[in-house]
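Notes to accompany the following structure.
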Amino acid sequence: MKKIVKSLGSATIINAIASGYGSAFGIDLNIECEVKTNNKDKILANSDIGVDTKLMEMCVKSVLNHYGVDCGVDVKTKTNLPLASGLSSSSALSNGVVKATSLLIAYEFGLEPLSDMEILNIAIDTSLDAKVTITGSFDDASASYFGGVVVTDNYNRKLLVKEPMEENSVLIFLVDRESSTYNSDRSRMQLIAPMVDLAFEQAKNKNYYLALNLNGLLYSNALGYDPNIELDALSAGALASGLSGTGSAISAIVTDKSIDKVKDAWSSYEGQIIETKVNNEGSIEL
């Protein structure tokens, strides 16, 4: 028996690093996580996505420890979600492996699957232990797991808003440089905290596009990304555009009318454009 879970990436509305309050929305790029038991009494991880398999193994172990069972598990992944780019790849990976392992162990041993919040908490705790996140990324993890848009208190792991996002296409521009959130310069991000708080108020009031624009410009300037990439998208008709996470991805929410114009505006920059859409479905078992 094997279990497969499709786990979403997400894009930032408010980056929680500055103040601990965040917001994000699910996008239709994902990691597929497949688990099955083996007779080798070992956790064996394999990935086609070029990441260290340590987080995958730690997530499986966390679930086994929760249930108090000991067995061998094979875990493997495949993805179309760019890594280390600010699109919640670590949250998607930990959510997917924890959920899939929970479903597998519950089936094999006749136990209850983990609840949604148990999955999120185990995934976040394991990500913190693996040092792939600074705040625990409750906003990213929640948007990845539930889909739609979330507004969160990250330190208290509280959902302030959870609802469907207006369904539009999303363009992702990958700037030609790799980013790792855990290694970001947090001191520079703390400098903009009072201004990010103002943007967060807009997110709490469900003015998501304005919040995304403000947050993106603030973090782009603080972290050394070219804000003209976002401004050119807005000039070309994007509903909103901003840096996702700590980069290197920049998202733009676009309509059918503006999508080609934004692509043209971005064609003068060095990087890759990915076309996707808002996902309100969330992570699902396949």
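So you can find residues: chains in the structure tokens are A, B, ... in the order shown, residues in each start at 1, and ligands are numbered from 1 in order.
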Per residue of region 31-130 of chain A within 10 Å of region 244-254 of chain A, what are the shortest atom pair and its distance in Å to one decimal, counting only C-alpha atoms, with rows by chain and residue number, as a Markdown table?
| residue | atom | partner | partner_atom | distance |
| --- | --- | --- | --- | --- |
| A:Pro82 | CA | A:Ala249 | CA | 8.9 |
| A:Leu83 | CA | A:Ser248 | CA | 9.8 |
| A:Ala84 | CA | A:Ser248 | CA | 7.8 |
| A:Ser85 | CA | A:Ser248 | CA | 4.7 |
| A:Gly86 | CA | A:Gly245 | CA | 4.2 |
| A:Leu87 | CA | A:Ser244 | CA | 6.4 |
| A:Ser88 | CA | A:Gly245 | CA | 7.8 |
Neighbour list for region 20-36 of chain A as a CSV table (one decimal) with all heavy atoms, in the first residue's frame, cut-off 8 Å, only C-alpha atoms, skip fewer than 3 positions in-chain:
chain,number,residue,atom,x,y,z
A,1,MET,N,0.8,-1.2,0.0
A,1,MET,CA,0.0,0.0,0.0
A,1,MET,C,0.9,1.2,0.0
A,1,MET,O,1.9,1.3,0.7
A,1,MET,CB,-0.9,0.0,1.2
A,1,MET,CG,-1.6,1.3,1.5
A,1,MET,SD,-2.7,1.9,0.2
A,1,MET,CE,-3.9,0.6,0.2
A,2,LYS,N,0.5,2.2,-0.8
A,2,LYS,CA,1.2,3.5,-0.8
A,2,LYS,C,0.2,4.6,-0.7
A,2,LYS,O,-1.0,4.5,-1.1
A,2,LYS,CB,2.1,3.6,-2.1
A,2,LYS,CG,1.3,3.7,-3.4
A,2,LYS,CD,2.3,3.8,-4.6
A,2,LYS,CE,1.6,3.8,-5.9
A,2,LYS,NZ,2.5,3.8,-7.0
A,3,LYS,N,0.6,5.8,-0.3
A,3,LYS,CA,-0.2,6.9,-0.2
A,3,LYS,C,0.6,8.1,-0.9
A,3,LYS,O,1.8,8.3,-0.7
A,3,LYS,CB,-0.5,7.3,1.3
A,3,LYS,CG,-1.3,6.3,2.0
A,3,LYS,CD,-2.8,6.3,1.5
A,3,LYS,CE,-3.6,5.4,2.3
A,3,LYS,NZ,-5.1,5.4,1.9
A,4,ILE,N,-0.2,8.9,-1.7
A,4,ILE,CA,0.4,10.0,-2.4
A,4,ILE,C,-0.4,11.2,-2.1
A,4,ILE,O,-1.7,11.2,-2.1
A,4,ILE,CB,0.4,9.7,-3.9
A,4,ILE,CG1,1.1,8.4,-4.3
A,4,ILE,CG2,1.0,10.9,-4.7
A,4,ILE,CD1,1.0,8.0,-5.7
A,5,VAL,N,0.3,12.3,-1.7
A,5,VAL,CA,-0.3,13.6,-1.5
A,5,VAL,C,0.3,14.7,-2.4
A,5,VAL,O,1.5,14.7,-2.5
A,5,VAL,CB,-0.2,14.0,0.0
A,5,VAL,CG1,-0.5,15.4,0.3
A,5,VAL,CG2,-1.0,13.1,0.9
A,6,LYS,N,-0.6,15.5,-3.0
A,6,LYS,CA,-0.2,16.6,-3.7
A,6,LYS,C,-0.2,17.8,-2.8
A,6,LYS,O,-1.3,18.2,-2.3
A,6,LYS,CB,-1.0,16.8,-5.0
A,6,LYS,CG,-0.6,18.0,-5.8
A,6,LYS,CD,-1.5,18.1,-7.1
A,6,LYS,CE,-2.8,18.8,-6.7
A,6,LYS,NZ,-3.6,19.1,-7.9
A,7,SER,N,0.9,18.5,-2.6
A,7,SER,CA,1.0,19.6,-1.6
A,7,SER,C,1.4,20.8,-2.4
A,7,SER,O,2.4,20.9,-3.1
A,7,SER,CB,2.1,19.2,-0.6
A,7,SER,OG,2.1,20.1,0.5
A,8,LEU,N,0.7,21.9,-2.1
A,8,LEU,CA,0.8,23.2,-2.9
A,8,LEU,C,2.0,24.0,-2.5
A,8,LEU,O,2.4,24.0,-1.3
A,8,LEU,CB,-0.4,24.0,-2.7
A,8,LEU,CG,-1.8,23.5,-3.1
A,8,LEU,CD1,-2.8,24.5,-2.9
A,8,LEU,CD2,-1.8,22.9,-4.5
A,9,GLY,N,2.5,24.8,-3.4
A,9,GLY,CA,3.3,26.0,-3.0
A,9,GLY,C,2.4,27.1,-2.7
A,9,GLY,O,1.1,27.0,-2.9
A,10,SER,N,2.9,28.2,-2.3
A,10,SER,CA,2.1,29.4,-2.1
A,10,SER,C,3.0,30.7,-2.4
A,10,SER,O,4.2,30.6,-2.5
A,10,SER,CB,1.7,29.5,-0.6
A,10,SER,OG,2.7,29.8,0.3
A,11,ALA,N,2.3,31.8,-2.6
A,11,ALA,CA,2.9,33.1,-2.8
A,11,ALA,C,2.6,34.0,-1.7
A,11,ALA,O,1.5,34.0,-1.1
A,11,ALA,CB,2.5,33.6,-4.2
A,12,THR,N,3.5,34.9,-1.4
A,12,THR,CA,3.4,35.8,-0.3
A,12,THR,C,2.5,37.0,-0.5
A,12,THR,O,2.5,37.6,-1.6
A,12,THR,CB,4.8,36.4,0.1
A,12,THR,OG1,5.6,35.3,0.5
A,12,THR,CG2,4.7,37.4,1.2
A,13,ILE,N,1.7,37.3,0.5
A,13,ILE,CA,1.0,38.6,0.5
A,13,ILE,C,1.7,39.5,1.5
A,13,ILE,O,2.1,40.6,1.2
A,13,ILE,CB,-0.5,38.5,0.9
A,13,ILE,CG1,-1.2,37.7,-0.3
A,13,ILE,CG2,-1.1,39.9,1.1
A,13,ILE,CD1,-2.7,37.4,0.0
A,14,ILE,N,1.9,39.0,2.8
A,14,ILE,CA,2.7,39.6,3.8
A,14,ILE,C,3.8,38.7,4.3
A,14,ILE,O,3.4,37.6,4.8
A,14,ILE,CB,1.9,40.1,5.0
A,14,ILE,CG1,0.8,41.1,4.5
A,14,ILE,CG2,2.7,40.7,6.1
A,14,ILE,CD1,1.3,42.4,4.1
A,15,ASN,N,5.0,39.0,4.2
A,15,ASN,CA,6.1,38.2,4.8
A,15,ASN,C,6.2,38.4,6.3
A,15,ASN,O,6.3,39.5,6.8
A,15,ASN,CB,7.4,38.7,4.1
A,15,ASN,CG,8.6,37.8,4.5
A,15,ASN,OD1,8.7,37.4,5.7
A,15,ASN,ND2,9.5,37.6,3.6
A,16,ALA,N,6.1,37.3,7.0
A,16,ALA,CA,6.0,37.4,8.5
A,16,ALA,C,7.3,37.6,9.2
A,16,ALA,O,7.3,37.7,10.4
A,16,ALA,CB,5.3,36.1,9.0
A,17,ILE,N,8.4,37.6,8.5
A,17,ILE,CA,9.7,37.6,9.2
A,17,ILE,C,9.8,38.9,10.0
A,17,ILE,O,10.4,38.9,11.1
A,17,ILE,CB,10.8,37.5,8.2
A,17,ILE,CG1,10.8,36.0,7.6
A,17,ILE,CG2,12.2,37.8,8.9
A,17,ILE,CD1,11.9,35.8,6.6
A,73,VAL,N,10.0,3.0,6.1
A,73,VAL,CA,9.1,3.8,5.2
A,73,VAL,C,10.0,4.3,4.0
A,73,VAL,O,11.1,4.8,4.2
A,73,VAL,CB,8.5,5.0,5.9
A,73,VAL,CG1,7.7,5.8,4.9
A,73,VAL,CG2,7.6,4.5,7.0
A,74,ASP,N,9.5,4.1,2.8
A,74,ASP,CA,10.1,4.7,1.6
A,74,ASP,C,9.3,5.9,1.3
A,74,ASP,O,8.1,5.9,1.3
A,74,ASP,CB,10.0,3.7,0.4
A,74,ASP,CG,10.9,2.5,0.5
A,74,ASP,OD1,11.9,2.6,1.2
A,74,ASP,OD2,10.5,1.5,-0.1
A,75,VAL,N,10.1,7.0,1.1
A,75,VAL,CA,9.4,8.3,0.7
A,75,VAL,C,10.1,8.9,-0.5
A,75,VAL,O,11.3,8.9,-0.5
A,75,VAL,CB,9.4,9.3,1.9
A,75,VAL,CG1,10.8,9.5,2.5
A,75,VAL,CG2,8.8,10.6,1.5
A,76,LYS,N,9.3,9.3,-1.5
A,76,LYS,CA,9.9,9.9,-2.6
A,76,LYS,C,9.0,11.1,-3.1
A,76,LYS,O,7.8,11.1,-2.8
A,76,LYS,CB,10.1,8.9,-3.8
A,76,LYS,CG,8.9,8.3,-4.4
A,76,LYS,CD,9.3,7.4,-5.5
A,76,LYS,CE,8.1,6.8,-6.2
A,76,LYS,NZ,8.4,5.9,-7.3
A,77,THR,N,9.6,12.0,-3.8
A,77,THR,CA,8.9,13.2,-4.3
A,77,THR,C,9.2,13.5,-5.7
A,77,THR,O,10.3,13.2,-6.2
A,77,THR,CB,9.3,14.4,-3.4
A,77,THR,OG1,10.7,14.6,-3.5
A,77,THR,CG2,8.9,14.3,-2.0
A,78,LYS,N,8.3,14.3,-6.3
A,78,LYS,CA,8.5,14.9,-7.6
A,78,LYS,C,7.8,16.2,-7.6
A,78,LYS,O,6.8,16.4,-6.9
A,78,LYS,CB,8.1,14.0,-8.8
A,78,LYS,CG,6.6,13.7,-8.8
A,78,LYS,CD,6.3,12.8,-10.0
A,78,LYS,CE,4.8,12.5,-10.1
A,78,LYS,NZ,4.5,11.6,-11.3
A,79,THR,N,8.2,17.2,-8.4
A,79,THR,CA,7.7,18.5,-8.3
A,79,THR,C,7.8,19.3,-9.6
A,79,THR,O,8.6,19.1,-10.4
A,79,THR,CB,8.4,19.3,-7.1
A,79,THR,OG1,7.7,20.5,-6.9
A,79,THR,CG2,9.8,19.6,-7.5
A,80,ASN,N,6.9,20.3,-9.7
A,80,ASN,CA,7.1,21.4,-10.6
A,80,ASN,C,7.2,22.8,-9.9
A,80,ASN,O,7.1,23.8,-10.5
A,80,ASN,CB,5.9,21.4,-11.6
A,80,ASN,CG,4.6,21.7,-11.0
A,80,ASN,OD1,4.5,21.9,-9.8
A,80,ASN,ND2,3.5,21.6,-11.8
A,81,LEU,N,7.5,22.7,-8.6
A,81,LEU,CA,7.6,23.9,-7.8
A,81,LEU,C,9.0,24.3,-7.6
A,81,LEU,O,9.8,23.5,-7.1
A,81,LEU,CB,7.0,23.6,-6.4
A,81,LEU,CG,7.0,24.7,-5.3
A,81,LEU,CD1,6.3,25.9,-5.7
A,81,LEU,CD2,6.5,24.2,-4.0
A,89,SER,N,8.4,26.0,-0.9
A,89,SER,CA,8.8,24.7,-1.2
A,89,SER,C,9.0,23.8,0.1
A,89,SER,O,8.6,22.6,0.1
A,89,SER,CB,10.0,24.6,-2.1
A,89,SER,OG,11.1,25.2,-1.5
A,92,ALA,N,5.6,23.1,1.6
A,92,ALA,CA,4.9,22.1,0.8
A,92,ALA,C,5.5,20.7,1.0
A,92,ALA,O,4.7,19.7,1.1
A,92,ALA,CB,5.0,22.5,-0.7
A,93,LEU,N,6.8,20.6,1.1
A,93,LEU,CA,7.4,19.3,1.3
A,93,LEU,C,7.1,18.7,2.6
A,93,LEU,O,6.7,17.6,2.7
A,93,LEU,CB,8.9,19.5,1.2
A,93,LEU,CG,9.8,18.2,1.3
A,93,LEU,CD1,9.4,17.2,0.2
A,93,LEU,CD2,11.3,18.5,1.3
A,96,GLY,N,3.3,17.8,2.8
A,96,GLY,CA,3.0,16.6,2.0
A,96,GLY,C,3.5,15.3,2.6
A,96,GLY,O,2.8,14.3,2.6
A,97,VAL,N,4.8,15.4,3.1
A,97,VAL,CA,5.3,14.1,3.7
A,97,VAL,C,4.6,13.7,5.0
A,97,VAL,O,4.3,12.6,5.2
A,97,VAL,CB,6.8,14.3,3.9
A,97,VAL,CG1,7.4,13.1,4.6
A,97,VAL,CG2,7.6,14.4,2.6
A,100,ALA,N,1.0,12.5,4.0
A,100,ALA,CA,1.0,11.1,3.4
A,100,ALA,C,1.4,10.1,4.4
A,100,ALA,O,0.8,9.0,4.4
A,100,ALA,CB,2.0,11.2,2.2
A,101,THR,N,2.4,10.3,5.2
A,101,THR,CA,2.8,9.4,6.2
A,101,THR,C,1.7,9.1,7.2
A,101,THR,O,1.5,7.9,7.6
A,101,THR,CB,4.1,9.8,6.9
A,101,THR,OG1,5.1,10.2,6.0
A,101,THR,CG2,4.7,8.7,7.8
A,104,LEU,N,-0.7,6.8,5.6
A,104,LEU,CA,-0.2,5.5,5.5
A,104,LEU,C,-0.2,4.7,6.8
A,104,LEU,O,-0.6,3.5,6.9
A,104,LEU,CB,1.3,5.6,5.0
A,104,LEU,CG,2.0,4.2,4.9
A,104,LEU,CD1,1.5,3.4,3.7
A,104,LEU,CD2,3.5,4.5,4.7
A,135,THR,N,10.5,31.7,11.2
A,135,THR,CA,9.3,31.9,12.0
A,135,THR,C,8.4,30.7,12.2
A,135,THR,O,7.5,30.7,13.0
A,135,THR,CB,8.4,33.0,11.4
A,135,THR,OG1,7.8,32.6,10.2
A,135,THR,CG2,9.2,34.3,11.2
A,139,ASP,N,2.1,30.9,8.0
A,139,ASP,CA,1.3,31.5,6.9
A,139,ASP,C,1.5,30.6,5.6
A,139,ASP,O,0.5,30.2,4.9
A,139,ASP,CB,1.6,32.9,6.6
A,139,ASP,CG,3.1,33.2,6.5
A,139,ASP,OD1,3.9,32.3,6.9
A,139,ASP,OD2,3.5,34.3,6.1
A,140,ASP,N,2.7,30.4,5.3
A,140,ASP,CA,3.0,29.6,4.1
A,140,ASP,C,2.5,28.1,4.2
A,140,ASP,O,1.9,27.6,3.3
A,140,ASP,CB,4.5,29.5,3.9
A,140,ASP,CG,5.2,30.8,3.5
A,140,ASP,OD1,4.5,31.7,3.2
A,140,ASP,OD2,6.4,30.9,3.6
A,143,ALA,N,-1.4,28.2,3.8
A,143,ALA,CA,-1.8,28.5,2.4
A,143,ALA,C,-1.5,27.2,1.6
A,143,ALA,O,-2.3,26.9,0.7
A,143,ALA,CB,-1.1,29.7,1.9
A,144,SER,N,-0.4,26.6,1.8
A,144,SER,CA,-0.1,25.4,1.1
A,144,SER,C,-1.1,24.3,1.4
A,144,SER,O,-1.5,23.5,0.5
A,144,SER,CB,1.3,24.9,1.6
A,144,SER,OG,1.6,23.5,1.2
A,146,PHE,N,-4.3,24.5,3.0
A,146,PHE,CA,-5.7,24.7,2.8
A,146,PHE,C,-6.0,25.3,1.4
A,146,PHE,O,-7.2,25.2,1.0
A,146,PHE,CB,-6.3,25.7,3.9
A,146,PHE,CG,-6.2,25.1,5.2
A,146,PHE,CD1,-5.4,25.6,6.2
A,146,PHE,CD2,-7.0,24.0,5.6
A,146,PHE,CE1,-5.4,25.1,7.5
A,146,PHE,CE2,-7.0,23.5,6.9
A,146,PHE,CZ,-6.2,24.1,7.8
A,147,GLY,N,-5.0,25.9,0.7
A,147,GLY,CA,-5.3,26.6,-0.5
A,147,GLY,C,-6.0,27.9,-0.1
A,147,GLY,O,-6.2,28.3,1.0
A,148,GLY,N,-6.4,28.7,-1.2
A,148,GLY,CA,-7.0,30.0,-0.9
A,148,GLY,C,-6.1,31.0,-0.3
A,148,GLY,O,-4.8,30.8,-0.3
A,149,VAL,N,-6.6,31.9,0.5
A,149,VAL,CA,-5.8,33.0,1.1
A,149,VAL,C,-5.9,32.8,2.6
A,149,VAL,O,-7.0,32.5,3.1
A,149,VAL,CB,-6.3,34.4,0.6
A,149,VAL,CG1,-7.7,34.7,1.0
A,149,VAL,CG2,-5.4,35.5,1.2
A,150,VAL,N,-4.8,33.0,3.3
A,150,VAL,CA,-4.8,33.0,4.8
A,150,VAL,C,-4.1,34.3,5.3
A,150,VAL,O,-3.2,34.8,4.6
A,150,VAL,CB,-4.1,31.8,5.3
A,150,VAL,CG1,-4.8,30.5,4.9
A,150,VAL,CG2,-2.6,31.7,4.9
A,151,VAL,N,-4.6,34.7,6.4
A,151,VAL,CA,-3.9,35.8,7.2
A,151,VAL,C,-3.7,35.2,8.6
A,151,VAL,O,-4.6,34.6,9.2
A,151,VAL,CB,-4.8,37.1,7.3
A,151,VAL,CG1,-4.1,38.1,8.1
A,151,VAL,CG2,-5.2,37.5,5.9
A,152,THR,N,-2.4,35.3,9.1
A,152,THR,CA,-2.0,34.5,10.2
A,152,THR,C,-1.2,35.3,11.3
A,152,THR,O,-0.5,36.2,11.0
A,152,THR,CB,-1.2,33.3,9.8
A,152,THR,OG1,0.0,33.8,9.1
A,152,THR,CG2,-1.9,32.4,8.8
A,153,ASP,N,-1.4,34.8,12.5
A,153,ASP,CA,-0.5,35.1,13.6
A,153,ASP,C,0.5,34.0,13.7
A,153,ASP,O,0.2,32.9,14.2
A,153,ASP,CB,-1.2,35.3,14.9
A,153,ASP,CG,-0.4,35.5,16.1
A,153,ASP,OD1,0.8,35.3,16.0
A,153,ASP,OD2,-0.9,35.9,17.2
A,154,ASN,N,1.7,34.1,13.1
A,154,ASN,CA,2.6,33.0,13.0
A,154,ASN,C,3.1,32.5,14.3
A,154,ASN,O,3.3,31.3,14.5
A,154,ASN,CB,3.8,33.4,12.1
A,154,ASN,CG,3.5,33.2,10.6
A,154,ASN,OD1,2.4,33.3,10.2
A,154,ASN,ND2,4.6,33.0,9.8
A,155,TYR,N,3.5,33.4,15.3
A,155,TYR,CA,4.1,32.9,16.5
A,155,TYR,C,3.1,32.1,17.4
A,155,TYR,O,3.4,31.2,18.1
A,155,TYR,CB,4.7,34.1,17.3
A,155,TYR,CG,5.9,34.6,16.6
A,155,TYR,CD1,6.0,36.0,16.3
A,155,TYR,CD2,7.0,33.8,16.3
A,155,TYR,CE1,7.1,36.5,15.6
A,155,TYR,CE2,8.1,34.3,15.6
A,155,TYR,CZ,8.2,35.6,15.3
A,155,TYR,OH,9.3,36.1,14.7
A,165,MET,N,-9.5,32.6,-2.5
A,165,MET,CA,-8.9,33.7,-3.2
A,165,MET,C,-9.6,33.9,-4.5
A,165,MET,O,-10.1,32.9,-5.1
A,165,MET,CB,-7.4,33.5,-3.4
A,165,MET,CG,-6.7,34.6,-4.0
A,165,MET,SD,-6.2,35.8,-2.8
A,165,MET,CE,-4.9,36.7,-3.7
A,170,VAL,N,-1.7,33.5,-12.3
A,170,VAL,CA,-0.5,34.1,-11.6
A,170,VAL,C,0.7,33.9,-12.4
A,170,VAL,O,1.0,32.7,-12.9
A,170,VAL,CB,-0.4,33.4,-10.2
A,170,VAL,CG1,0.9,34.0,-9.5
A,170,VAL,CG2,-1.6,33.6,-9.3
A,200,PHE,N,0.2,44.9,6.7
A,200,PHE,CA,-0.6,43.8,7.3
A,200,PHE,C,-2.0,44.2,7.6
A,200,PHE,O,-2.9,43.4,7.5
A,200,PHE,CB,0.2,43.3,8.5
A,200,PHE,CG,-0.6,42.1,9.2
A,200,PHE,CD1,-0.6,40.9,8.6
A,200,PHE,CD2,-1.2,42.3,10.4
A,200,PHE,CE1,-1.3,39.8,9.2
A,200,PHE,CE2,-1.9,41.3,11.0
A,200,PHE,CZ,-1.9,40.0,10.4
A,203,ALA,N,-4.0,43.6,4.7
A,203,ALA,CA,-4.4,42.2,4.5
A,203,ALA,C,-5.5,41.7,5.5
A,203,ALA,O,-6.4,41.0,5.1
A,203,ALA,CB,-3.1,41.3,4.8
A,276,THR,N,1.0,30.1,-13.8
A,276,THR,CA,0.2,29.2,-13.0
A,276,THR,C,-1.1,29.9,-12.6
A,276,THR,O,-1.5,30.8,-13.3
A,276,THR,CB,1.0,28.7,-11.7
A,276,THR,OG1,0.2,27.8,-11.0
A,276,THR,CG2,1.4,29.9,-10.8
A,277,LYS,N,-1.7,29.5,-11.6
A,277,LYS,CA,-3.0,30.1,-11.2
A,277,LYS,C,-3.2,30.0,-9.7
A,277,LYS,O,-2.5,29.2,-9.0
A,277,LYS,CB,-4.2,29.5,-11.9
A,277,LYS,CG,-4.4,28.0,-11.6
A,277,LYS,CD,-5.5,27.4,-12.5
A,277,LYS,CE,-5.6,25.9,-12.2
A,277,LYS,NZ,-6.7,25.3,-13.0
A,278,VAL,N,-4.1,30.8,-9.1
A,278,VAL,CA,-4.6,30.6,-7.7
A,278,VAL,C,-5.2,29.2,-7.5
A,278,VAL,O,-5.9,28.7,-8.4
A,278,VAL,CB,-5.6,31.7,-7.4
A,278,VAL,CG1,-6.2,31.4,-6.0
A,278,VAL,CG2,-5.0,33.1,-7.4
A,279,ASN,N,-4.8,28.6,-6.4
A,279,ASN,CA,-5.4,27.3,-6.1
A,279,ASN,C,-6.2,27.4,-4.8
A,279,ASN,O,-5.6,27.7,-3.7
A,279,ASN,CB,-4.3,26.2,-6.0
A,279,ASN,CG,-4.9,24.8,-5.7
A,279,ASN,OD1,-5.6,24.6,-4.8
A,279,ASN,ND2,-4.5,23.9,-6.6
A,280,ASN,N,-7.5,27.2,-4.8
A,280,ASN,CA,-8.3,27.2,-3.7
A,280,ASN,C,-8.7,25.8,-3.1
A,280,ASN,O,-9.4,25.7,-2.1
A,280,ASN,CB,-9.7,27.9,-4.0
A,280,ASN,CG,-9.5,29.4,-4.2
A,280,ASN,OD1,-8.8,30.1,-3.3
A,280,ASN,ND2,-10.0,30.0,-5.2
A,282,GLY,N,-6.4,23.3,-2.1
A,282,GLY,CA,-5.5,22.9,-1.0
A,282,GLY,C,-4.8,21.6,-1.4
A,282,GLY,O,-4.9,21.0,-2.5
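Taking CA of Tyr107 (chain A) and CA of Gly68 (chain A) as endpoints, the distance between them is 14.7 Å.
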Write out as JSON, numbers by chain all residues of region 30-172 of chain A that DSSP puts in strand (DSSP E) for this structure's backbone. {"A": [30, 31, 32, 33, 34, 35, 36, 37, 38, 43, 44, 45, 46, 47, 72, 73, 74, 75, 76, 77, 78, 79, 149, 150, 151, 152, 153, 158, 159, 160, 161, 162, 163, 169, 170, 171, 172]}
Going by DSSP on the backbone, which residues of region 9-184 of chain A come out as alpha helix (DSSP H)? List them as a PyMOL selection string. chain A and resi 54-67+89-109+116-129+138-146
Counting only C-alpha atoms, which residue out of A:Asn156, A:Ser241, A:Asn38, A:Ser19 sits closest to Pro194 (chain A)? A:Ser19
Contacts of Cys59 (chain A) at 7 Å or less, counting only C-alpha atoms, minus same-chain residues fewer than 3 places along, as a PyMOL selection string? chain A and resi 55-56+62-63+94+97-98+123+126
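Interatomic distance, CA of Val196 (chain A) to CA of Asp176 (chain A): 25.6 Å.
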Pick from A:Tyr225, A:Val175, A:Asp256, A:Ile105, whichever lies nearest to Ser268 (chain A) using only C-alpha atoms: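 For Ser268 (chain A), the nearest of the given residues is A:Val175.
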Would you mind listing what lies within 10 Å of Asn121 (chain A) as JSON, numbers by chain, with only C-alpha atoms counted and same-chain residues fewer than 4 positions away left out? {"A": [95, 98, 115, 116, 117, 125, 126, 127, 136, 138, 141, 157]}
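Interatomic distance, CA of Ile43 (chain A) to CA of Glu57 (chain A): 6.3 Å.
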Using only C-alpha atoms, which residue out of A:Ser102, A:Ser283, A:Ser169, A:Ser235 lies closest to Asp264 (chain A)?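 Comparing A:Ser102, A:Ser283, A:Ser169, A:Ser235 against Asp264 (chain A), the winner is A:Ser235.
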Counting only C-alpha atoms, figure out which residue out of A:Ile119, A:Tyr145, A:Leu103, A:Glu166 gets nearest to Ile284 (chain A).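 So, comparing all the options, the nearest one is A:Tyr145.
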For Ile134 (chain A), which residue out of A:Ala240, A:Leu286, A:Leu223, A:Ala18 is the nearest one, using only C-alpha atoms? A:Ala18
